[in-house]
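Okay, structure_26.cif is below, mmCIF, C-alpha atoms:
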```
data_start
#
loop_
_atom_site.label_atom_id
_atom_site.label_comp_id
_atom_site.auth_asym_id
_atom_site.auth_seq_id
_atom_site.Cartn_x
_atom_site.Cartn_y
_atom_site.Cartn_z
CA MET A 1239 0.00 0.00 0.00
CA LYS A 1240 1.16 3.53 -0.88
CA ARG A 1241 0.35 6.69 1.03
CA GLU A 1242 0.41 10.01 -0.89
CA ARG A 1243 1.72 13.02 1.00
CA LYS A 1244 2.08 16.64 0.11
CA PRO A 1245 5.24 17.86 -1.64
CA SER A 1246 8.38 17.83 0.51
CA THR A 1247 12.15 17.50 0.18
CA ALA A 1248 11.92 13.72 0.07
CA LEU A 1249 15.08 12.82 -1.85
CA VAL A 1250 17.29 10.71 0.44
CA PRO A 1251 20.05 10.30 1.43
CA ALA A 1252 21.58 13.80 1.19
CA PRO A 1253 25.30 14.51 1.55
CA VAL A 1254 26.39 16.69 4.48
CA VAL A 1255 29.10 19.24 3.66
CA LEU A 1256 30.86 22.15 5.29
CA LEU A 1257 31.01 25.06 2.87
CA SER A 1258 33.83 27.51 3.62
CA VAL A 1259 33.83 30.99 2.15
CA ALA A 1260 36.16 33.99 2.33
CA GLY A 1261 35.17 36.91 4.51
CA HIS A 1262 33.97 40.08 2.83
CA ASP A 1263 36.11 43.18 3.25
CA LYS A 1264 38.09 42.52 6.45
CA GLU A 1265 35.75 39.90 7.88
CA LYS A 1266 36.97 36.44 8.78
CA PRO A 1267 36.11 33.45 6.60
CA ASN A 1268 32.94 31.59 7.52
CA ILE A 1269 31.67 28.01 7.48
CA ILE A 1270 28.12 26.79 6.87
CA THR A 1271 26.78 23.23 6.97
CA LEU A 1272 24.64 22.28 3.98
CA ALA A 1273 22.75 19.17 2.91
CA TRP A 1274 21.13 20.54 -0.24
CA ALA A 1275 24.13 19.76 -2.44
CA GLY A 1276 24.83 17.43 -5.36
CA THR A 1277 26.90 16.74 -8.44
CA VAL A 1278 25.34 18.36 -11.54
CA CYS A 1279 27.82 17.71 -14.38
CA SER A 1280 30.78 15.42 -15.10
CA GLU A 1281 32.59 17.53 -17.73
CA PRO A 1282 33.33 20.13 -16.63
CA PRO A 1283 32.98 18.69 -13.11
CA MET A 1284 30.34 20.80 -11.36
CA LEU A 1285 28.30 20.67 -8.18
CA SER A 1286 25.35 22.56 -6.77
CA VAL A 1287 24.70 23.98 -3.32
CA ALA A 1288 21.52 25.71 -2.14
CA ILE A 1289 21.72 28.50 0.44
CA ARG A 1290 18.94 30.49 2.13
CA PRO A 1291 19.29 34.27 1.60
CA SER A 1292 18.91 34.79 5.36
CA ARG A 1293 22.19 32.96 6.05
CA HIS A 1294 25.34 34.98 6.71
CA SER A 1295 27.29 32.96 4.12
CA TYR A 1296 24.82 33.91 1.39
CA GLN A 1297 26.23 37.46 1.18
CA LEU A 1298 29.78 36.15 1.38
CA VAL A 1299 29.27 33.72 -1.52
CA ASN A 1300 27.57 36.46 -3.56
CA ALA A 1301 30.51 38.79 -2.96
CA SER A 1302 33.32 36.34 -3.74
CA ARG A 1303 31.62 33.90 -6.20
CA GLU A 1304 33.91 31.18 -4.82
CA PHE A 1305 33.77 28.60 -2.04
CA VAL A 1306 35.21 25.29 -0.89
CA VAL A 1307 33.03 22.24 -0.24
CA ASN A 1308 34.61 20.23 2.57
CA ILE A 1309 33.48 16.65 3.31
CA PRO A 1310 33.54 15.91 7.05
CA ARG A 1311 34.10 12.61 8.89
CA ALA A 1312 31.51 11.10 11.24
CA ASP A 1313 33.72 11.92 14.24
CA GLN A 1314 33.30 15.61 13.31
CA LEU A 1315 29.51 15.41 13.57
CA HIS A 1316 29.28 17.61 16.68
CA LEU A 1317 30.97 20.56 14.96
CA VAL A 1318 29.11 19.91 11.71
CA ASP A 1319 25.85 20.24 13.61
CA LEU A 1320 27.00 23.44 15.38
CA ALA A 1321 28.19 24.99 12.09
CA GLY A 1322 24.71 24.39 10.66
CA THR A 1323 22.86 26.08 13.48
CA TRP A 1324 25.20 28.90 14.58
CA SER A 1325 25.28 32.10 12.52
CA GLY A 1326 28.54 33.48 11.17
CA ALA A 1327 27.29 36.93 12.19
CA GLU A 1328 27.67 35.90 15.83
CA HIS A 1329 30.37 33.22 15.80
CA ASP A 1330 33.92 32.98 14.45
CA LYS A 1331 33.31 29.36 13.49
CA PHE A 1332 36.89 28.47 12.52
CA ALA A 1333 38.16 29.63 15.93
CA GLU A 1334 35.25 28.40 18.06
CA LEU A 1335 35.09 24.98 16.40
CA GLY A 1336 38.87 24.54 16.51
CA LEU A 1337 39.23 24.29 12.74
CA THR A 1338 42.18 25.36 10.61
CA ALA A 1339 41.75 27.63 7.56
CA ARG A 1340 44.32 26.46 5.02
CA PRO A 1341 44.88 28.57 1.88
CA ALA A 1342 43.35 27.08 -1.27
CA GLN A 1343 45.11 27.06 -4.65
CA HIS A 1344 42.47 28.51 -6.98
CA VAL A 1345 39.97 30.38 -4.78
CA ALA A 1346 40.04 32.92 -1.98
CA ALA A 1347 37.96 30.67 0.32
CA PRO A 1348 40.07 28.54 2.67
CA LEU A 1349 40.12 24.75 2.87
CA ILE A 1350 39.10 23.25 6.21
CA GLU A 1351 42.33 21.42 6.99
CA GLU A 1352 40.66 18.82 9.24
CA CYS A 1353 38.23 17.59 6.54
CA PRO A 1354 39.53 14.68 4.42
CA ILE A 1355 38.19 16.02 1.08
CA ASN A 1356 38.19 19.67 0.01
CA ILE A 1357 36.64 20.75 -3.30
CA GLU A 1358 37.54 24.21 -4.63
CA CYS A 1359 34.59 25.76 -6.51
CA LEU A 1360 33.95 28.74 -8.81
CA VAL A 1361 30.32 29.88 -9.14
CA ARG A 1362 29.07 29.80 -12.76
CA HIS A 1363 25.28 30.22 -12.30
CA GLN A 1364 23.00 31.46 -9.52
CA LEU A 1365 19.23 30.86 -9.56
CA ASP A 1366 16.61 32.22 -7.16
CA LEU A 1367 14.30 29.22 -6.68
CA GLY A 1368 12.27 30.44 -3.70
CA ALA A 1369 13.39 29.68 -0.16
CA HIS A 1370 16.88 28.89 -1.48
CA ASP A 1371 19.24 30.31 -4.06
CA LEU A 1372 20.96 27.59 -6.06
CA TYR A 1373 24.63 27.96 -6.99
CA LEU A 1374 26.05 25.86 -9.82
CA ALA A 1375 29.81 25.84 -9.47
CA GLU A 1376 32.71 24.46 -11.47
CA ILE A 1377 35.21 22.38 -9.54
CA ALA A 1378 38.71 23.89 -9.86
CA ALA A 1379 40.66 21.35 -7.77
CA VAL A 1380 40.17 18.62 -5.19
CA HIS A 1381 42.39 17.96 -2.18
CA TYR A 1382 42.51 14.66 -0.31
CA ASP A 1383 44.10 13.68 2.96
CA GLU A 1384 46.83 11.17 2.07
CA ASP A 1385 45.27 8.55 4.35
CA VAL A 1386 42.01 8.37 2.35
CA LEU A 1387 43.82 7.44 -0.89
CA ASP A 1388 45.38 4.04 -1.56
CA ALA A 1389 48.72 3.47 -3.30
CA GLY A 1390 46.98 3.56 -6.71
CA GLY A 1391 45.25 6.85 -5.92
CA ARG A 1392 41.80 5.27 -5.44
CA LEU A 1393 39.52 6.50 -2.69
CA ARG A 1394 39.65 4.40 0.51
CA THR A 1395 35.98 4.94 1.32
CA SER A 1396 36.05 3.15 4.66
CA ALA A 1397 38.82 5.53 5.82
CA LEU A 1398 36.56 8.51 5.09
CA SER A 1399 33.97 7.61 7.74
CA LEU A 1400 31.21 9.19 5.65
CA PHE A 1401 27.72 10.00 6.79
CA ALA A 1402 24.54 11.42 5.23
CA LEU A 1403 21.33 13.19 6.19
CA VAL A 1404 17.95 11.40 6.09
CA ASP A 1405 14.84 13.22 7.34
CA ASN A 1406 16.86 15.46 9.70
CA GLU A 1407 18.87 12.56 11.10
CA TYR A 1408 22.53 11.80 10.49
CA TRP A 1409 23.30 8.24 9.37
CA SER A 1410 26.74 6.69 8.93
CA LEU A 1411 27.66 4.75 5.81
CA GLY A 1412 27.71 1.01 6.43
CA GLU A 1413 29.42 -1.32 4.02
CA ARG A 1414 30.25 -1.73 0.35
CA ILE A 1415 27.44 -3.73 -1.30
CA GLY A 1416 28.52 -3.55 -4.96
CA ALA A 1417 30.14 -1.62 -7.75
CA TYR A 1418 28.71 0.21 -10.75
CA GLY A 1419 28.46 -2.15 -13.73
CA MET A 1420 28.52 -5.36 -11.68
CA ALA A 1421 25.13 -6.57 -12.90
CA VAL A 1422 26.03 -6.25 -16.57
CA GLU A 1423 29.38 -7.96 -15.97
CA ALA A 1424 27.60 -10.80 -14.20
CA ALA A 1425 25.11 -11.13 -17.07
CA ASP A 1426 27.93 -11.14 -19.62
CA ALA A 1427 29.82 -13.81 -17.67
CA ALA A 1428 26.69 -15.96 -17.42
CA GLY A 1429 25.69 -15.61 -21.01
CA MET B 771 49.29 15.79 4.43
CA LYS B 772 46.99 16.83 1.57
CA ARG B 773 47.31 15.73 -2.04
CA GLU B 774 45.85 18.03 -4.74
CA ARG B 775 44.22 16.34 -7.71
CA LYS B 776 42.65 17.63 -10.87
CA PRO B 777 38.96 18.56 -10.89
CA SER B 778 36.55 15.63 -10.60
CA THR B 779 33.06 14.81 -9.33
CA ALA B 780 34.33 14.42 -5.78
CA LEU B 781 31.20 15.21 -3.77
CA VAL B 782 30.26 12.11 -1.76
CA PRO B 783 28.05 10.30 -0.95
CA ALA B 784 25.57 10.63 -3.86
CA PRO B 785 22.00 9.34 -3.75
CA VAL B 786 21.05 6.59 -6.20
CA VAL B 787 17.62 6.98 -7.79
CA LEU B 788 15.53 5.38 -10.50
CA LEU B 789 14.00 8.06 -12.70
CA SER B 790 10.85 6.92 -14.51
CA VAL B 791 9.53 8.83 -17.48
CA ALA B 792 6.55 8.47 -19.82
CA GLY B 793 7.15 7.11 -23.30
CA HIS B 794 6.98 9.53 -26.21
CA ASP B 795 4.21 8.98 -28.75
CA LYS B 796 3.31 5.29 -28.38
CA GLU B 797 6.56 4.22 -26.75
CA LYS B 798 6.61 2.49 -23.40
CA PRO B 799 7.73 4.35 -20.27
CA ASN B 800 11.43 4.11 -19.45
CA ILE B 801 13.62 3.95 -16.34
CA ILE B 802 17.13 5.36 -15.88
CA THR B 803 19.40 5.09 -12.85
CA LEU B 804 20.96 8.40 -11.79
CA ALA B 805 23.35 9.49 -9.05
CA TRP B 806 23.75 13.13 -10.04
CA ALA B 807 20.67 14.24 -8.11
CA GLY B 808 19.99 16.46 -5.09
CA THR B 809 17.54 18.68 -3.28
CA VAL B 810 17.81 22.29 -4.48
CA CYS B 811 15.04 24.20 -2.67
CA SER B 812 12.76 23.70 0.36
CA GLU B 813 9.86 25.99 -0.63
CA PRO B 814 8.69 25.13 -3.17
CA PRO B 815 10.24 21.68 -2.66
CA MET B 816 12.51 21.09 -5.67
CA LEU B 817 15.19 18.64 -6.72
CA SER B 818 17.72 18.42 -9.51
CA VAL B 819 18.73 15.55 -11.77
CA ALA B 820 21.47 15.59 -14.41
CA ILE B 821 21.10 13.51 -17.59
CA ARG B 822 23.52 13.01 -20.48
CA PRO B 823 21.99 13.97 -23.87
CA SER B 824 23.08 10.60 -25.28
CA ARG B 825 20.71 8.75 -22.93
CA HIS B 826 17.36 7.52 -24.25
CA SER B 827 15.52 9.12 -21.32
CA TYR B 828 16.90 12.55 -22.19
CA GLN B 829 14.54 12.88 -25.17
CA LEU B 830 11.65 11.49 -23.14
CA VAL B 831 12.13 14.03 -20.33
CA ASN B 832 12.47 16.84 -22.86
CA ALA B 833 9.20 15.79 -24.52
CA SER B 834 7.11 15.37 -21.37
CA ARG B 835 8.83 17.81 -18.90
CA GLU B 836 7.78 15.44 -16.10
CA PHE B 837 9.28 12.46 -14.31
CA VAL B 838 9.15 10.46 -11.10
CA VAL B 839 12.20 10.01 -8.86
CA ASN B 840 11.94 6.59 -7.20
CA ILE B 841 14.18 5.68 -4.25
CA PRO B 842 15.22 2.01 -4.35
CA ARG B 843 16.07 -0.38 -1.51
CA ALA B 844 19.45 -2.09 -1.20
CA ASP B 845 17.87 -5.46 -2.12
CA GLN B 846 16.99 -3.89 -5.51
CA LEU B 847 20.64 -3.11 -6.27
CA HIS B 848 20.94 -5.63 -9.09
CA LEU B 849 18.13 -4.06 -11.10
CA VAL B 850 19.29 -0.55 -10.22
CA ASP B 851 22.67 -1.37 -11.71
CA LEU B 852 21.11 -2.89 -14.84
CA ALA B 853 18.79 0.12 -15.31
CA GLY B 854 21.86 2.37 -15.23
CA THR B 855 23.78 0.48 -17.89
CA TRP B 856 21.06 -0.80 -20.25
CA SER B 857 19.58 1.62 -22.81
CA GLY B 858 15.84 2.18 -23.07
CA ALA B 859 16.26 2.09 -26.85
CA GLU B 860 17.05 -1.63 -26.59
CA HIS B 861 15.29 -2.77 -23.42
CA ASP B 862 11.75 -2.53 -22.06
CA LYS B 863 13.13 -2.00 -18.57
CA PHE B 864 9.81 -2.22 -16.68
CA ALA B 865 9.11 -5.63 -18.22
CA GLU B 866 12.65 -7.01 -18.21
CA LEU B 867 13.39 -5.91 -14.65
CA GLY B 868 10.02 -7.17 -13.38
CA LEU B 869 8.88 -3.74 -12.22
CA THR B 870 5.33 -2.39 -12.08
CA ALA B 871 4.37 0.96 -13.65
CA ARG B 872 1.72 2.47 -11.39
CA PRO B 873 -0.13 5.61 -12.55
CA ALA B 874 0.97 8.79 -10.81
CA GLN B 875 -1.44 11.51 -9.63
CA HIS B 876 0.06 14.66 -11.11
CA VAL B 877 2.37 13.57 -13.94
CA ALA B 878 2.25 11.27 -16.95
CA ALA B 879 5.34 9.36 -15.81
CA PRO B 880 4.53 6.21 -13.82
CA LEU B 881 5.61 5.43 -10.27
CA ILE B 882 7.76 2.33 -9.83
CA GLU B 883 5.46 0.40 -7.50
CA GLU B 884 8.28 -1.65 -5.95
CA CYS B 885 10.26 1.40 -4.73
CA PRO B 886 9.37 2.62 -1.21
CA ILE B 887 9.48 6.35 -2.06
CA ASN B 888 8.18 7.93 -5.28
CA ILE B 889 8.56 11.65 -5.93
CA GLU B 890 6.43 13.19 -8.71
CA CYS B 891 8.28 16.04 -10.44
CA LEU B 892 7.50 18.85 -12.91
CA VAL B 893 10.48 20.36 -14.76
CA ARG B 894 10.82 24.12 -14.19
CA HIS B 895 14.33 24.82 -15.56
CA GLN B 896 16.74 23.02 -17.88
CA LEU B 897 20.41 24.04 -18.18
CA ASP B 898 23.02 22.72 -20.62
CA LEU B 899 26.12 22.47 -18.42
CA GLY B 900 28.37 20.42 -20.72
CA ALA B 901 28.37 16.62 -20.50
CA HIS B 902 25.04 16.78 -18.66
CA ASP B 903 21.83 18.76 -18.89
CA LEU B 904 20.55 19.75 -15.46
CA TYR B 905 16.83 19.64 -14.75
CA LEU B 906 15.42 21.61 -11.80
CA ALA B 907 12.02 20.21 -10.97
CA GLU B 908 9.25 21.07 -8.55
CA ILE B 909 7.95 18.23 -6.43
CA ALA B 910 4.21 17.76 -6.97
CA ALA B 911 3.59 14.85 -4.57
CA VAL B 912 5.43 12.14 -2.67
CA HIS B 913 4.25 8.55 -2.20
CA TYR B 914 5.51 6.25 0.54
CA ASP B 915 5.07 2.56 1.13
CA GLU B 916 3.05 2.24 4.33
CA ASP B 917 5.77 0.13 5.95
CA VAL B 918 8.38 2.92 5.79
CA LEU B 919 6.22 5.34 7.82
CA ASP B 920 5.58 5.00 11.55
CA ALA B 921 2.23 5.62 13.26
CA GLY B 922 3.02 9.34 13.51
CA GLY B 923 3.87 9.59 9.83
CA ARG B 924 7.65 9.89 10.40
CA LEU B 925 10.06 8.12 8.09
CA ARG B 926 11.28 4.74 9.41
CA THR B 927 14.74 5.09 7.86
CA SER B 928 15.95 1.64 8.84
CA ALA B 929 12.97 0.12 6.98
CA LEU B 930 14.05 1.89 3.79
CA SER B 931 17.33 -0.01 3.45
CA LEU B 932 18.96 2.98 1.76
CA PHE B 933 22.26 3.02 -0.07
CA ALA B 934 24.44 5.61 -1.80
CA LEU B 935 27.15 5.88 -4.44
CA VAL B 936 30.76 6.67 -3.51
CA ASP B 937 33.44 6.63 -6.23
CA ASN B 938 31.47 4.17 -8.42
CA GLU B 939 30.75 1.83 -5.50
CA TYR B 940 27.42 1.25 -3.79
CA TRP B 941 27.45 1.56 0.01
CA SER B 942 24.60 0.76 2.37
CA LEU B 943 23.57 3.16 5.11
CA GLY B 944 24.73 2.00 8.52
CA GLU B 945 23.23 3.44 11.66
CA ARG B 946 21.74 6.63 13.04
CA ILE B 947 24.51 8.68 14.65
CA GLY B 948 22.61 11.86 15.55
CA ALA B 949 19.90 14.34 14.70
CA TYR B 950 20.01 17.86 13.32
CA GLY B 951 20.22 20.41 16.14
CA MET B 952 21.55 17.96 18.75
CA ALA B 953 24.77 19.89 19.38
CA VAL B 954 22.97 23.14 20.10
CA GLU B 955 20.48 21.37 22.38
CA ALA B 956 23.37 19.75 24.26
CA ALA B 957 25.10 23.13 24.63
CA ASP B 958 21.86 24.73 25.87
CA ALA B 959 21.29 21.92 28.38
CA ALA B 960 24.86 22.28 29.65
CA GLY B 961 24.28 25.87 30.42
#
```
Let's see the structure in the file written out as structure tokens.
Amino acid sequence: MKRERKPSTALVPAPVVLLSVAGHDKEKPNIITLAWAGTVCSEPPMLSVAIRPSRHSYQLVNASREFVVNIPRADQLHLVDLAGTWSGAEHDKFAELGLTARPAQHVAAPLIEECPINIECLVRHQLDLGAHDLYLAEIAAVHYDEDVLDAGGRLRTSALSLFALVDNEYWSLGERIGAYGMAVEAADAAG
Amino acid sequence: MKRERKPSTALVPAPVVLLSVAGHDKEKPNIITLAWAGTVCSEPPMLSVAIRPSRHSYQLVNASREFVVNIPRADQLHLVDLAGTWSGAEHDKFAELGLTARPAQHVAAPLIEECPINIECLVRHQLDLGAHDLYLAEIAAVHYDEDVLDAGGRLRTSALSLFALVDNEYWSLGERIGAYGMAVEAADAAG
């Protein structure tokens, strides 16, 4: 049996990222936690993030047109949650959360040193969709902690300790259950 | 130590969805597996999906401007993988994957009956970003299997058996590790 409900943001799971952005004028850089994010193009590699205009980082992203998307580990969940509820107008989040702003290579926004993946982004499009503005950004570079890459340069996913958001709850990733293309390979082998 | 790498689609984890779309003219409806998807706005509720122009479903979405995003369970991984590699030009995916096309309420595209969440979508914007076209779609209704909702209407996430894509591998969701706002509540309780 199916139950129909009114429209809602029902797509699950959602990634959880820390977006870092340069300060405007002489302000300090800020951090905001976002779950409305996703990959939008492979070539050029691009991602989207949605930000409410009421958020402090909204003005900062509009001023600089650049940001870094940092992927946190599950053991950073406490500060991820704080960064999503505190406002940058009232908190120096880098200092108060004990995080290190490391200079990026292609953008003015800093990397969050303690996050295992840092994605440097340049805004290409901005759309006012309603409650959120959507930013479509080209990826300029990606930085990985050495310990999340294996000798061949492949991602060691279990070392990342990833988590995701489902219906306002944080859920850890469990185990590897397959690889893209496995079903076709199995069919080819069988037939 | 950080290692910088060239730009890539590094945002993880990504959701894995089955997009169903009505057939054009007298064609049958089709299904395509996508991971480049995300929520883009809360009000109105909207999501994005990215589709390569070479895919059969690209023409179908362009013709109808409507689709359904269906969230699969981990035990459907085999057919999810096949739906992502087969082409709708050569396969009747509903029939060959043993899936049921159930009429939707607001769009011509069918729901996939066997998926626990079905999100009816109306395309509002389409952007050519390069390798992919991005569709921004308003959510018209959401359908849930009764067994994934509790008595209060909240999502029973563990009953969904969700999974996600990380670097071309499928990973199951593990366990609940927290809830949005928990860190601020803990700080308030502490004083």
| message | Ranking B:Leu847, B:Ala921, B:Ala853, B:Ala901 by minimum distance to Ser824 of chain B and counting all atoms listed in the file, which one comes first? | response |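 Under the stated criterion, the closest residue is B:Ala901.
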| message | Let me make sure I understand: among B:Asp898, B:Asp958, B:Asp845, B:Glu836, which one has the smallest atom-to-atom distance to Ser790 of chain B if we use only C-alpha atoms? | response | B:Glu836
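If you look at atom CA of Ala820 of chain B and atom CA of Met1284 of chain A, they are 10.7 Å away from each other.
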| segment 1377-1379 of chain A environment, 12 Å, all atoms listed in the file, sequence neighbours closer than 5 positions dropped, as a ChimeraX atom specification | /A:1277-1286,1304-1307,1342-1345,1349,1355-1362 /B:773-781
| Can you tell me how far atom CA of Trp1409 of chain A sits from atom CA of Val1254 of chain A, in Å to one decimal? |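 Spanning atom CA of Trp1409 of chain A to atom CA of Val1254 of chain A is a straight-line distance of 10.2 Å.
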| query | For Ala934 of chain B, which residue out of A:Asp1388, A:Leu1317, A:Pro1291, A:Ala1417 is the nearest one, using all atoms listed in the file? | reply |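 Under the stated criterion, the closest residue is A:Ala1417.
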| query | So, counting all atoms listed in the file, which residue among A:Gln1314, A:Gly1326, A:Ala1425, A:Arg1290 is closest to Leu1365 of chain A? | reply |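 Ranked by minimum distance to Leu1365 of chain A, first place goes to A:Arg1290.
Interatomic distance, atom CA of His826 of chain B against atom CA of Asp795 of chain B: 14.0 Å.
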| said: Considering all atoms listed in the file, can you say which of A:His1329, A:His1363, A:Arg1340, A:Arg1414 comes closest to chain B? | reply: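 Counting all atoms listed in the file, the residue closest to chain B is A:Arg1414.
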All file atoms of segment 819-830 of chain B boxed axis-aligned, 5 Å per side, centre plus edges, as lines of an AutoDock Vina configuration file:
```
center_x = 17.6
center_y = 11.6
center_z = -18.5
size_x = 21.9
size_y = 18.1
size_z = 23.5
```
| field | Polymer residues at most 7 Å from (25.2, 16.3, 2.8) by all atoms listed in the file, as a PyMOL selection string | value | chain A and resi 1252-1255+1272-1275+1402-1403
